[in-house]
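Below is run06.txt, which holds compact mmCIF, C-alpha atoms.
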# COMPACT_ATOMS: atom_id res chain seq x y z
CA MET A 22 -32.40 14.52 -19.48
CA ILE A 23 -31.53 17.89 -17.97
CA GLN A 24 -35.11 19.01 -18.39
CA ALA A 25 -36.43 15.95 -16.59
CA PHE A 26 -33.94 16.49 -13.78
CA ARG A 27 -34.98 20.12 -13.46
CA ARG A 28 -38.63 19.15 -13.34
CA ILE A 29 -38.06 16.57 -10.61
CA THR A 30 -36.01 19.00 -8.54
CA LEU A 31 -38.66 21.67 -8.88
CA THR A 32 -41.40 19.27 -7.81
CA ALA A 33 -39.37 18.21 -4.80
CA ILE A 34 -38.72 21.80 -3.75
CA LEU A 35 -42.40 22.67 -4.12
CA LEU A 36 -43.41 19.69 -2.02
CA PHE A 37 -40.89 20.55 0.67
CA LEU A 38 -42.05 24.17 0.76
CA PHE A 39 -45.79 23.78 0.88
CA VAL A 40 -46.58 20.53 2.63
CA PRO A 41 -45.14 21.22 6.07
CA VAL A 42 -47.00 24.53 6.35
CA SER A 43 -50.39 22.93 5.89
CA ASN A 44 -49.66 20.22 8.39
CA ALA A 45 -47.80 22.22 11.01
CA VAL A 46 -50.94 23.31 12.83
CA GLN A 47 -52.30 19.96 13.82
CA GLU A 48 -48.84 18.48 14.36
CA ASP A 49 -48.06 20.35 17.57
CA ALA A 50 -50.57 18.55 19.75
CA ALA A 51 -49.63 15.04 18.76
CA GLU A 52 -45.88 15.66 18.62
CA SER A 53 -45.04 14.30 22.05
CA GLU A 54 -46.51 10.80 21.84
CA LYS A 55 -45.26 9.94 18.38
CA GLU A 56 -42.72 7.19 17.98
CA ILE A 57 -40.24 6.71 15.21
CA PRO A 58 -42.03 4.22 12.97
CA ILE A 59 -38.95 2.26 11.91
CA ASP A 60 -37.31 -0.32 14.13
CA VAL A 61 -33.83 -0.29 12.65
CA ILE A 62 -32.20 -2.89 14.87
CA GLY A 63 -35.28 -5.11 14.60
CA GLU A 64 -34.83 -5.13 10.83
CA VAL A 65 -31.21 -6.24 10.89
CA ARG A 66 -31.56 -8.78 13.69
CA ASP A 67 -31.81 -12.51 13.45
CA HIS A 68 -35.38 -13.83 13.28
CA TYR A 69 -37.09 -17.11 14.02
CA TYR A 70 -38.92 -17.01 10.71
CA LEU A 71 -38.14 -16.72 7.01
CA ASP A 72 -39.50 -13.58 5.45
CA LEU A 73 -41.31 -14.51 2.24
CA ALA A 74 -43.51 -12.24 0.17
CA SER A 75 -46.28 -11.16 2.59
CA TYR A 76 -45.83 -14.32 4.64
CA HIS A 77 -43.64 -15.31 7.59
CA LEU A 78 -42.55 -18.92 7.29
CA PRO A 79 -41.94 -20.00 10.89
CA LEU A 80 -38.79 -21.99 11.55
CA PRO A 81 -38.59 -24.84 14.05
CA ARG A 82 -37.48 -24.20 17.62
CA ILE A 83 -35.11 -26.76 19.07
CA LEU A 84 -34.50 -26.39 22.78
CA PHE A 85 -32.26 -28.31 25.12
CA VAL A 86 -33.74 -28.25 28.62
CA GLU A 87 -31.56 -28.63 31.68
CA GLY A 88 -31.47 -32.19 32.96
CA SER A 89 -32.29 -34.00 29.74
CA SER A 90 -30.14 -34.67 26.71
CA ILE A 91 -33.04 -35.03 24.27
CA PRO A 92 -33.95 -31.76 22.58
CA GLN A 93 -37.51 -30.51 22.60
CA TRP A 94 -38.75 -29.81 19.13
CA TYR A 95 -41.50 -27.39 18.16
CA ARG A 96 -42.74 -26.51 14.70
CA SER A 97 -42.68 -22.77 15.37
CA THR A 98 -42.38 -20.20 18.14
CA HIS A 99 -46.17 -20.13 18.24
CA ALA A 100 -46.35 -23.89 18.78
CA ALA A 101 -43.79 -23.66 21.57
CA VAL A 102 -45.84 -21.02 23.37
CA GLU A 103 -49.08 -22.94 22.83
CA SER A 104 -47.64 -26.07 24.44
CA GLY A 105 -47.69 -24.12 27.70
CA ASN A 106 -44.09 -24.81 28.61
CA TYR A 107 -42.67 -21.50 27.47
CA ILE A 108 -43.39 -17.78 27.48
CA GLU A 109 -42.19 -15.59 24.63
CA ASN A 110 -40.11 -12.56 25.50
CA PRO A 111 -40.47 -9.30 23.56
CA ASP A 112 -37.22 -10.17 21.75
CA HIS A 113 -38.71 -13.58 20.75
CA SER A 114 -36.48 -15.64 23.02
CA LEU A 115 -38.29 -18.21 25.11
CA VAL A 116 -38.46 -18.62 28.89
CA ALA A 117 -39.51 -21.90 30.46
CA THR A 118 -42.52 -21.83 32.77
CA THR A 119 -42.20 -25.38 34.06
CA ASP A 120 -39.25 -26.98 35.83
CA GLY A 121 -35.87 -26.81 34.13
CA ALA A 122 -34.56 -23.71 32.43
CA ILE A 123 -33.46 -23.72 28.82
CA ALA A 124 -29.84 -24.84 28.72
CA LEU A 125 -29.23 -24.30 25.04
CA ASP A 126 -31.39 -22.71 22.37
CA MET A 127 -30.51 -24.53 19.14
CA SER A 128 -33.39 -23.04 17.16
CA ILE A 129 -33.01 -22.61 13.44
CA THR A 130 -32.96 -18.93 12.52
CA SER A 131 -33.14 -16.96 9.30
CA HIS A 132 -29.39 -16.22 9.32
CA LEU A 133 -28.66 -19.91 9.68
CA MET A 134 -31.01 -20.72 6.79
CA TYR A 135 -29.25 -18.25 4.53
CA PHE A 136 -25.86 -19.58 5.67
CA TRP A 137 -27.02 -23.03 4.57
CA PHE A 138 -28.35 -21.68 1.28
CA ALA A 139 -24.94 -20.18 0.55
CA ILE A 140 -23.13 -23.38 1.49
CA PHE A 141 -25.44 -25.56 -0.63
CA LEU A 142 -25.04 -23.22 -3.57
CA THR A 143 -21.25 -23.32 -3.18
CA LEU A 144 -21.26 -27.11 -2.96
CA TRP A 145 -23.55 -27.50 -5.96
CA LEU A 146 -21.52 -25.04 -8.01
CA THR A 147 -18.11 -26.51 -7.23
CA ILE A 148 -19.14 -30.16 -7.46
CA SER A 149 -20.98 -29.74 -10.75
CA MET A 150 -18.03 -27.80 -12.16
CA ALA A 151 -15.56 -30.41 -10.91
CA ARG A 152 -17.59 -33.10 -12.73
CA LYS A 153 -17.45 -31.07 -15.88
CA TYR A 154 -13.67 -30.68 -15.67
CA LYS A 155 -13.26 -34.39 -14.88
CA ARG A 156 -15.10 -35.22 -18.08
CA GLY A 157 -12.47 -33.16 -19.86
CA GLU A 158 -14.73 -30.26 -20.75
CA GLY A 159 -12.59 -27.20 -20.21
CA ARG A 160 -9.34 -29.08 -19.85
CA GLU A 161 -9.06 -30.50 -23.33
CA THR A 162 -11.45 -28.05 -24.93
CA GLU A 163 -12.06 -24.43 -24.14
CA PRO A 164 -14.52 -23.65 -21.33
CA ARG A 165 -18.00 -23.38 -22.77
CA GLY A 166 -20.70 -20.88 -21.89
CA TRP A 167 -20.60 -17.75 -19.76
CA PHE A 168 -21.10 -19.73 -16.55
CA GLN A 169 -18.03 -21.89 -16.89
CA ASN A 170 -16.00 -18.92 -18.07
CA LEU A 171 -17.03 -16.88 -15.06
CA PHE A 172 -16.24 -19.79 -12.77
CA GLU A 173 -12.81 -20.22 -14.30
CA ILE A 174 -12.00 -16.52 -14.06
CA THR A 175 -12.97 -16.48 -10.38
CA PHE A 176 -11.06 -19.63 -9.63
CA VAL A 177 -7.91 -18.51 -11.40
CA PHE A 178 -8.16 -15.15 -9.64
CA VAL A 179 -8.35 -16.79 -6.22
CA ARG A 180 -5.57 -19.24 -7.04
CA ASP A 181 -3.12 -16.79 -8.59
CA GLU A 182 -3.84 -13.41 -7.04
CA ILE A 183 -4.82 -14.50 -3.55
CA ALA A 184 -3.23 -17.87 -2.78
CA ARG A 185 0.00 -17.89 -4.79
CA ASP A 186 0.93 -14.30 -4.01
CA ASN A 187 0.70 -14.74 -0.26
CA ILE A 188 1.54 -18.37 0.49
CA SER A 189 4.90 -19.85 -0.41
CA ASP A 190 5.07 -21.55 -3.79
CA ASP A 191 5.40 -25.16 -2.64
CA LYS A 192 2.43 -25.01 -0.25
CA TYR A 193 -0.24 -22.79 -1.71
CA LYS A 194 -2.06 -25.56 -3.61
CA LYS A 195 -3.29 -27.13 -0.39
CA PHE A 196 -5.18 -24.00 0.66
CA VAL A 197 -6.82 -23.06 -2.62
CA PRO A 198 -10.00 -25.15 -2.00
CA PHE A 199 -10.59 -23.53 1.39
CA LEU A 200 -9.93 -20.01 0.14
CA PHE A 201 -12.10 -20.48 -2.94
CA ALA A 202 -14.99 -21.97 -0.95
CA VAL A 203 -14.83 -19.16 1.60
CA PHE A 204 -14.72 -16.54 -1.14
CA ILE A 205 -17.72 -17.95 -2.99
CA ALA A 206 -19.78 -18.61 0.15
CA ILE A 207 -19.18 -15.12 1.60
CA THR A 208 -19.99 -13.51 -1.74
CA PHE A 209 -23.27 -15.42 -1.90
CA MET A 210 -24.13 -14.55 1.69
CA ASN A 211 -23.39 -10.86 1.14
CA LEU A 212 -25.36 -10.68 -2.08
CA PHE A 213 -28.36 -12.61 -0.73
CA GLY A 214 -28.97 -9.63 1.52
CA LEU A 215 -29.69 -7.48 -1.52
CA LEU A 216 -32.53 -9.71 -2.72
CA PRO A 217 -36.06 -8.73 -1.73
CA TRP A 218 -36.90 -10.23 1.68
CA GLY A 219 -33.35 -11.53 1.77
CA VAL A 220 -31.23 -11.66 4.89
CA THR A 221 -27.52 -10.91 5.06
CA ALA A 222 -26.19 -13.86 7.02
CA THR A 223 -22.78 -12.19 7.37
CA ALA A 224 -24.38 -9.30 9.29
CA ASP A 225 -24.25 -11.63 12.27
CA ILE A 226 -21.17 -11.89 14.45
CA THR A 227 -21.69 -15.62 15.03
CA VAL A 228 -21.56 -16.43 11.30
CA THR A 229 -18.43 -14.39 10.68
CA GLY A 230 -16.98 -15.68 13.94
CA ILE A 231 -17.33 -19.29 12.75
CA LEU A 232 -15.73 -18.41 9.42
CA ALA A 233 -12.83 -16.71 11.21
CA LEU A 234 -12.54 -19.71 13.52
CA PHE A 235 -11.98 -21.92 10.47
CA THR A 236 -9.23 -19.60 9.30
CA PHE A 237 -7.70 -19.63 12.78
CA ALA A 238 -7.77 -23.43 13.01
CA ILE A 239 -6.28 -23.91 9.55
CA THR A 240 -3.62 -21.29 10.23
CA GLN A 241 -2.48 -22.89 13.47
CA TRP A 242 -2.76 -26.45 12.13
CA ASN A 243 -0.47 -25.68 9.24
CA ALA A 244 1.89 -23.46 11.17
CA SER A 245 5.57 -24.24 10.66
CA LYS A 246 8.15 -24.64 13.42
CA ASP A 247 9.38 -21.13 12.71
CA HIS A 248 5.93 -19.72 13.44
CA TRP A 249 5.84 -21.24 16.94
CA GLU A 250 9.41 -20.21 17.55
CA HIS A 251 8.47 -16.66 16.72
CA VAL A 252 5.50 -16.81 19.05
CA PHE A 253 7.16 -18.27 22.13
CA MET A 254 10.90 -17.69 21.75
CA PHE A 255 11.37 -14.63 19.64
CA PRO A 256 14.78 -15.19 18.09
CA GLY A 257 17.43 -12.55 18.30
CA VAL A 258 16.04 -10.45 21.14
CA PRO A 259 17.38 -10.22 24.69
CA PRO A 260 15.70 -12.63 27.18
CA LEU A 261 14.08 -9.83 29.18
CA MET A 262 12.44 -8.52 26.05
CA ARG A 263 10.75 -11.89 25.59
CA ILE A 264 8.68 -11.30 28.74
CA ILE A 265 6.99 -8.43 26.90
CA LEU A 266 7.02 -9.89 23.40
CA THR A 267 5.63 -13.37 24.11
CA PRO A 268 2.29 -12.21 25.58
CA ILE A 269 1.89 -9.77 22.71
CA GLU A 270 2.55 -12.49 20.17
CA ILE A 271 0.13 -14.88 21.87
CA LEU A 272 -2.51 -12.13 21.95
CA GLY A 273 -1.80 -11.44 18.31
CA LEU A 274 -2.73 -15.02 17.43
CA PHE A 275 -6.29 -14.36 18.62
CA THR A 276 -6.76 -10.73 17.60
CA LYS A 277 -6.13 -11.53 13.93
CA PRO A 278 -9.18 -13.78 13.45
CA LEU A 279 -11.20 -11.54 15.77
CA ALA A 280 -10.49 -8.51 13.58
CA LEU A 281 -11.33 -10.64 10.54
CA ALA A 282 -14.74 -11.52 11.98
CA VAL A 283 -15.55 -8.01 13.19
CA ARG A 284 -14.54 -6.39 9.91
CA LEU A 285 -16.89 -8.49 7.78
CA PHE A 286 -19.68 -8.29 10.34
CA ALA A 287 -19.46 -4.53 10.79
CA ASN A 288 -19.26 -3.82 7.07
CA MET A 289 -22.36 -5.84 6.30
CA LEU A 290 -24.27 -4.56 9.32
CA SER A 291 -23.46 -0.93 8.62
CA GLY A 292 -24.52 -1.27 4.99
CA LYS A 293 -27.81 -2.77 6.06
CA ILE A 294 -28.45 -0.18 8.77
CA MET A 295 -27.68 2.58 6.29
CA ILE A 296 -30.22 1.28 3.75
CA VAL A 297 -32.90 0.74 6.40
CA CYS A 298 -32.30 4.21 7.89
CA ILE A 299 -32.38 6.04 4.58
CA LEU A 300 -35.45 4.20 3.30
CA GLY A 301 -36.98 4.72 6.74
CA LEU A 302 -36.64 8.48 6.28
CA ILE A 303 -39.70 8.27 4.01
CA PHE A 304 -41.79 6.76 6.79
CA ILE A 305 -40.33 9.06 9.43
CA PHE A 306 -41.16 12.12 7.32
CA ALA A 307 -44.61 10.74 6.59
CA GLU A 308 -45.18 10.16 10.28
CA PHE A 309 -44.03 13.58 11.42
CA PHE A 310 -45.08 15.89 8.58
CA GLY A 311 -47.88 14.02 6.79
CA PRO A 312 -48.06 11.53 3.92
CA ILE A 313 -47.51 14.03 1.10
CA PHE A 314 -44.20 15.11 2.59
CA GLY A 315 -43.24 11.46 2.85
CA ALA A 316 -44.02 10.91 -0.81
CA GLY A 317 -42.06 14.04 -1.70
CA SER A 318 -39.02 12.91 0.26
CA SER A 319 -39.10 9.58 -1.57
CA ILE A 320 -38.10 11.41 -4.76
CA LEU A 321 -34.73 12.08 -3.12
CA VAL A 322 -34.49 8.99 -0.97
CA VAL A 323 -35.15 6.28 -3.55
CA PRO A 324 -32.28 7.25 -5.93
CA LEU A 325 -30.01 7.49 -2.90
CA THR A 326 -31.02 3.97 -1.91
CA VAL A 327 -30.35 2.73 -5.43
CA ALA A 328 -26.85 4.21 -5.23
CA LEU A 329 -26.35 2.59 -1.83
CA TYR A 330 -27.50 -0.75 -3.23
CA ILE A 331 -24.89 -0.59 -5.98
CA LEU A 332 -22.27 0.39 -3.40
CA LYS A 333 -23.35 -2.47 -1.17
CA ALA A 334 -23.12 -4.99 -4.01
CA PHE A 335 -19.56 -3.77 -4.63
CA VAL A 336 -18.70 -3.81 -0.93
CA GLY A 337 -20.12 -7.33 -0.62
CA VAL A 338 -17.72 -8.69 -3.22
CA LEU A 339 -14.85 -6.54 -1.92
CA GLN A 340 -15.30 -7.74 1.66
CA ALA A 341 -15.37 -11.36 0.49
CA TYR A 342 -12.11 -10.64 -1.32
CA ILE A 343 -10.59 -8.96 1.73
CA PHE A 344 -11.61 -11.81 4.03
CA THR A 345 -10.07 -14.35 1.66
CA LEU A 346 -6.97 -12.23 1.10
CA LEU A 347 -6.33 -11.72 4.80
CA SER A 348 -6.93 -15.44 5.44
CA ALA A 349 -4.31 -16.20 2.80
CA VAL A 350 -1.91 -13.66 4.32
CA PHE A 351 -2.29 -15.16 7.82
CA ILE A 352 -1.90 -18.72 6.53
CA GLY A 353 1.12 -17.65 4.49
CA MET A 354 2.71 -15.93 7.48
CA ALA A 355 2.27 -19.01 9.67
CA ALA A 356 3.27 -21.61 7.09
CA GLU A 357 6.38 -19.76 6.00
CA GLU A 358 9.77 -21.26 6.76
CA HIS A 359 12.69 -18.87 6.79
CA GLU A 360 16.04 -19.96 8.14
CA HIS A 361 18.05 -17.42 6.21
CA HIS A 362 16.01 -14.58 7.69
CA GLU A 363 16.74 -15.60 11.28
CA GLU A 364 20.47 -15.76 10.75
CA GLY A 365 20.41 -12.14 9.75
CA ILE A 366 18.71 -11.19 13.00
CA GLU A 367 21.10 -13.33 15.06
CA ALA A 368 24.00 -11.55 13.48
CA HIS A 369 22.57 -8.23 14.54
CA ALA A 370 21.99 -9.40 18.09
CA MET B 3 -25.35 10.69 27.63
CA GLY B 4 -24.95 7.36 25.86
CA LEU B 5 -26.27 8.88 22.64
CA LEU B 6 -23.88 11.84 22.94
CA ALA B 7 -20.92 9.56 23.59
CA ALA B 8 -21.87 7.35 20.64
CA GLY B 9 -22.17 10.31 18.29
CA ILE B 10 -18.85 11.84 19.32
CA GLY B 11 -17.15 8.46 19.21
CA ALA B 12 -18.43 7.67 15.72
CA GLY B 13 -17.31 11.09 14.54
CA ILE B 14 -13.79 10.71 15.89
CA ALA B 15 -13.51 7.20 14.46
CA ALA B 16 -14.60 8.50 11.06
CA VAL B 17 -12.01 11.31 11.24
CA GLY B 18 -9.21 8.88 12.06
CA ALA B 19 -10.16 6.35 9.40
CA GLY B 20 -10.66 9.13 6.86
CA ILE B 21 -7.18 10.54 7.43
CA GLY B 22 -5.65 7.09 7.34
CA ILE B 23 -7.35 5.87 4.17
CA GLY B 24 -6.79 9.25 2.55
CA MET B 25 -3.06 8.94 3.15
CA ILE B 26 -3.10 5.42 1.70
CA GLY B 27 -4.89 6.69 -1.38
CA LYS B 28 -2.42 9.55 -1.71
CA GLY B 29 0.53 7.19 -1.46
CA ALA B 30 -0.98 4.73 -3.92
CA VAL B 31 -1.83 7.38 -6.52
CA GLU B 32 1.63 8.93 -6.25
CA SER B 33 3.38 5.62 -6.64
CA ILE B 34 1.16 4.58 -9.56
CA ALA B 35 1.97 7.90 -11.23
CA ARG B 36 5.67 7.21 -10.80
CA GLN B 37 5.51 3.59 -11.84
CA PRO B 38 2.36 2.83 -13.83
CA GLU B 39 3.50 -0.72 -14.69
CA ALA B 40 3.34 -1.72 -10.99
CA SER B 41 -0.21 -0.49 -10.54
CA GLY B 42 -1.62 -4.00 -10.00
CA ASP B 43 0.63 -4.77 -7.04
CA ILE B 44 0.14 -1.29 -5.59
CA ARG B 45 -3.65 -1.61 -5.82
CA GLY B 46 -3.55 -4.92 -3.98
CA ALA B 47 -1.40 -3.52 -1.20
CA MET B 48 -3.63 -0.44 -1.01
CA ILE B 49 -6.80 -2.48 -0.57
CA LEU B 50 -5.14 -4.67 2.05
CA THR B 51 -3.95 -1.71 4.13
CA ALA B 52 -7.23 0.14 3.76
CA ALA B 53 -9.03 -2.98 4.96
CA LEU B 54 -6.83 -3.12 8.05
CA ILE B 55 -7.57 0.50 8.93
CA GLU B 56 -11.23 0.08 8.16
CA GLY B 57 -11.35 -2.83 10.59
CA VAL B 58 -10.25 -0.60 13.47
CA ALA B 59 -12.72 2.11 12.49
CA LEU B 60 -15.54 -0.38 12.25
CA ILE B 61 -14.77 -1.79 15.67
CA ALA B 62 -15.24 1.78 16.96
CA ALA B 63 -18.49 2.03 15.01
CA ILE B 64 -19.73 -1.22 16.56
CA VAL B 65 -18.92 0.10 20.03
CA CYS B 66 -20.97 3.20 19.21
CA ILE B 67 -23.91 1.08 18.01
CA LEU B 68 -23.73 -0.92 21.22
CA LEU B 69 -23.77 2.35 23.20
CA VAL B 70 -26.87 3.56 21.40
CA PHE B 71 -28.96 0.42 21.61
CA PHE B 72 -27.76 -1.49 24.63
CA ALA B 73 -26.35 1.02 27.14
Render the structure in this file as C-alpha cells.
Amino acid sequence: MIQAFRRITLTAILLFLFVPVSNAVQEDAAESEKEIPIDVIGEVRDHYYLDLASYHLPLPRILFVEGSSIPQWYRSTHAAVESGNYIENPDHSLVATTDGAIALDMSITSHLMYFWFAIFLTLWLTISMARKYKRGEGRETEPRGWFQNLFEITFVFVRDEIARDNISDDKYKKFVPFLFAVFIAITFMNLFGLLPWGVTATADITVTGILALFTFAITQWNASKDHWEHVFMFPGVPPLMRIILTPIEILGLFTKPLALAVRLFANMLSGKIMIVCILGLIFIFAEFFGPIFGAGSSILVVPLTVALYILKAFVGVLQAYIFTLLSAVFIGMAAEEHEHHEEGIEAHA
Amino acid sequence: MGLLAAGIGAGIAAVGAGIGIGMIGKGAVESIARQPEASGDIRGAMILTAALIEGVALIAAIVCILLVFFA
C-alpha cells in the first residue's frame, strides 16, 4: 500500500518536473490566444436537451406568443429554428423573427425532466409501499426485505426526529406526508446529479424556489391566531415599538423561505461547480502545458474528485434533511399556540 | 475589478462562516463532553445552527458568482 503510494507520488513528481520544460518553448507564441477549455457555467446551467451517453435527446419547445393563447409546439430547438419563426441566441433562448414576441417560454428543460423523474419515483415508492402496508405486510408481520426496512427507517426518522420534535404533539401528524415527500424528492434530485450524464435539478433556483413556496404556503395556511398576532400586533411591547417590529416581522415571513431556497440551491450549485472545476483542471493543464502534463495532473485530480463525490453524496442527503428540518421548524413555529407564554410577557410589560 | 471584488468577497464570507461554524462545533463538542447522554439533541441543534450560518455564507458566495459571470 505504502509502496504503491510512493510509486504514484514519484511518477507524479517526475511528470510535473519534466513535462513543462519540454513544452515551454513552443508555448510562448500561442499563449495569448488560448482560451480556457472548460465552460463551467455552461455545464451547470439548464439545457433544452437531455444528455444521454454520446447523444443529446432534444426536448420540446413550447412557446406562448403575444396575442394568442394557443402555445406553439416544436419538437426541438432545431425544429423551432428551421420553421423560420425564431432565431437561436448563443444562450439557446429563442427570439421571434415574425410579428409577436415570445410572451412566455414554457419549454421543457433538463432540470424540469429530472424534477419529474424525482417526483414520479417518490410517488411510485410511497404508493407501492402504502399498498403493501394496507395489505398488512409490515403492520401485522415484520417488514420484509432491505427495501421495506430502509423505507421504514427513513419514514420513522422523518416522523419522529423531524416532525414530532418541532411541531406540537397534537398537530404533527398532518404534516408528515408533506415533509416525507419533500425529503425523499430532494434526496433523489440531489443524488441524480451524481449519476453519469445526470443533472442536479436542485442546482436551479426555480426548482428550490417552488419547493420553498410550498413550505411558505403550508406554513401560512396552517398558522394559528397567535402567529398572526405576533406578526401584526406584537404582544407586550409599547405601541411605538410596533412601528419598527411589524415591518421586520412581515419581512421575516418572506426571508425564511427565501433563505431556504437559496441554501439548497447554493449548496448544490457550489458542489457541482467544484467538481467541474477540479476535473477541468486536467483539460486546462493539457491545454496550457501539453497532453502529458494533463495526464500527469489526473493522477492527483481524479482521487480528489472521488473524495468530492463522496462529500457531495453526503451533502445531498444532509441538505435534504436540513430543508425538511427547517420546513418543520417554520411550520411548528407558525402552528404553535401559546397563551401561557404571552401572559408572562404581559406581566413584564 | 469585478473579479477582484468577487474573490475578496468570497474570502471574507468564508472567514466569517468558518469562525461561526467553528464556534458551533466547539460549543457542541464541549457540551457533548460534559453530557454525553444528550449528544443526539446537541447534534441536531448543531446541524440546524450550522445550516443557518451556512445559508448566509452561501448567499455571499452566490453574489460573488454573479459578480464573476454576469457583472
Need the shell around Gly11 of chain B: protein/DNA/RNA residues with any atom at most 12 Å away, counting only C-alpha atoms. Skip same-chain ones fewer than 3 positions apart. Format as a tab-separated table (two decimals) with C-alpha atoms, in the frame of the given file?
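Saved to selection.tsv:
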chain	number	residue	atom	x	y	z
B	3	MET	CA	-25.35	10.69	27.63
B	4	GLY	CA	-24.95	7.36	25.86
B	5	LEU	CA	-26.27	8.88	22.64
B	6	LEU	CA	-23.88	11.84	22.94
B	7	ALA	CA	-20.92	9.56	23.59
B	8	ALA	CA	-21.87	7.35	20.64
B	14	ILE	CA	-13.79	10.71	15.89
B	15	ALA	CA	-13.51	7.20	14.46
B	16	ALA	CA	-14.60	8.50	11.06
B	17	VAL	CA	-12.01	11.31	11.24
B	18	GLY	CA	-9.21	8.88	12.06
B	59	ALA	CA	-12.72	2.11	12.49
B	60	LEU	CA	-15.54	-0.38	12.25
B	61	ILE	CA	-14.77	-1.79	15.67
B	62	ALA	CA	-15.24	1.78	16.96
B	63	ALA	CA	-18.49	2.03	15.01
B	64	ILE	CA	-19.73	-1.22	16.56
B	65	VAL	CA	-18.92	0.10	20.03
B	66	CYS	CA	-20.97	3.20	19.21
B	67	ILE	CA	-23.91	1.08	18.01
B	68	LEU	CA	-23.73	-0.92	21.22
B	69	LEU	CA	-23.77	2.35	23.20
B	70	VAL	CA	-26.87	3.56	21.40
Selected residue of minimal separation from chain A among B:Gly22, B:Gly42, B:Gly29, B:Gly57, counting all atoms listed in the file: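 Closest to chain A, using all atoms listed in the file: B:Gly57.
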d(atom CA of Asn288 of chain A, atom CA of Ala52 of chain B) in Å: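 A separation of 13.1 Å between them.
Relative to atom CA of Val220 of chain A, atom CA of Val283 of chain A is found at 18.1 Å.
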Can you check which residues of chain A have any atom within 7 Å of chain B? Use all atoms listed in the file and format it as a PDB file with C-alpha atoms, in the coordinates of the input.
ATOM      1  CA  ALA A 280     -10.490  -8.510  13.580  1.00  0.00           C
ATOM      2  CA  VAL A 283     -15.550  -8.010  13.190  1.00  0.00           C
ATOM      3  CA  ARG A 284     -14.540  -6.390   9.910  1.00  0.00           C
ATOM      4  CA  ALA A 287     -19.460  -4.530  10.790  1.00  0.00           C
ATOM      5  CA  ILE A 343     -10.590  -8.960   1.730  1.00  0.00           C
TER       6      ILE A 343
END
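Candidate residues A:His77, A:Ala355, A:Ile226, A:Ala206 were compared for distance to Trp145 of chain A, and the nearest is A:Ala206, using only C-alpha atoms.
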Exercise: Phe199 of chain A partners within 12 Å, all atoms listed in the file, chain neighbours under 4 positions left out, as a list in words: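 With the cut-off at 12 Å, the set is Thr143, Thr147, Phe176, Val179, Arg180, Ile183, Ala184, Tyr193, Lys194, Lys195, Val203, Phe204, Ile205, Ala206, Leu232, Phe235, Thr236, Ala238, Ile239, Thr240, Thr345, Leu346, Ser348, Ala349 and Ile352 of chain A.
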Could you pull segment 6-17 of chain B out of the block above and give me N, CA and C atoms, as a short mmCIF file (atom, residue, chain, number, x, y, z; two decimals), in the first residue's frame?
data_model
loop_
_atom_site.label_atom_id
_atom_site.label_comp_id
_atom_site.auth_asym_id
_atom_site.auth_seq_id
_atom_site.Cartn_x
_atom_site.Cartn_y
_atom_site.Cartn_z
N LEU B 6 -11.87 40.88 -8.90
CA LEU B 6 -11.19 41.18 -7.63
C LEU B 6 -12.21 41.25 -6.50
N ALA B 7 -13.31 41.96 -6.77
CA ALA B 7 -14.35 42.09 -5.74
C ALA B 7 -14.92 40.74 -5.36
N ALA B 8 -15.13 39.89 -6.40
CA ALA B 8 -15.71 38.57 -6.13
C ALA B 8 -14.77 37.73 -5.28
N GLY B 9 -13.47 37.78 -5.62
CA GLY B 9 -12.51 37.00 -4.85
C GLY B 9 -12.43 37.44 -3.41
N ILE B 10 -12.33 38.76 -3.20
CA ILE B 10 -12.24 39.28 -1.83
C ILE B 10 -13.52 38.95 -1.07
N GLY B 11 -14.66 39.13 -1.75
CA GLY B 11 -15.93 38.87 -1.09
C GLY B 11 -16.07 37.42 -0.67
N ALA B 12 -15.69 36.49 -1.58
CA ALA B 12 -15.79 35.07 -1.24
C ALA B 12 -14.88 34.74 -0.07
N GLY B 13 -13.68 35.36 -0.07
CA GLY B 13 -12.76 35.11 1.04
C GLY B 13 -13.31 35.56 2.37
N ILE B 14 -13.86 36.78 2.39
CA ILE B 14 -14.39 37.30 3.66
C ILE B 14 -15.58 36.46 4.13
N ALA B 15 -16.43 36.07 3.16
CA ALA B 15 -17.58 35.23 3.54
C ALA B 15 -17.11 33.91 4.13
N ALA B 16 -16.06 33.33 3.53
CA ALA B 16 -15.54 32.06 4.05
C ALA B 16 -14.97 32.24 5.45
N VAL B 17 -14.28 33.38 5.69
CA VAL B 17 -13.74 33.64 7.03
C VAL B 17 -14.86 33.71 8.05
#
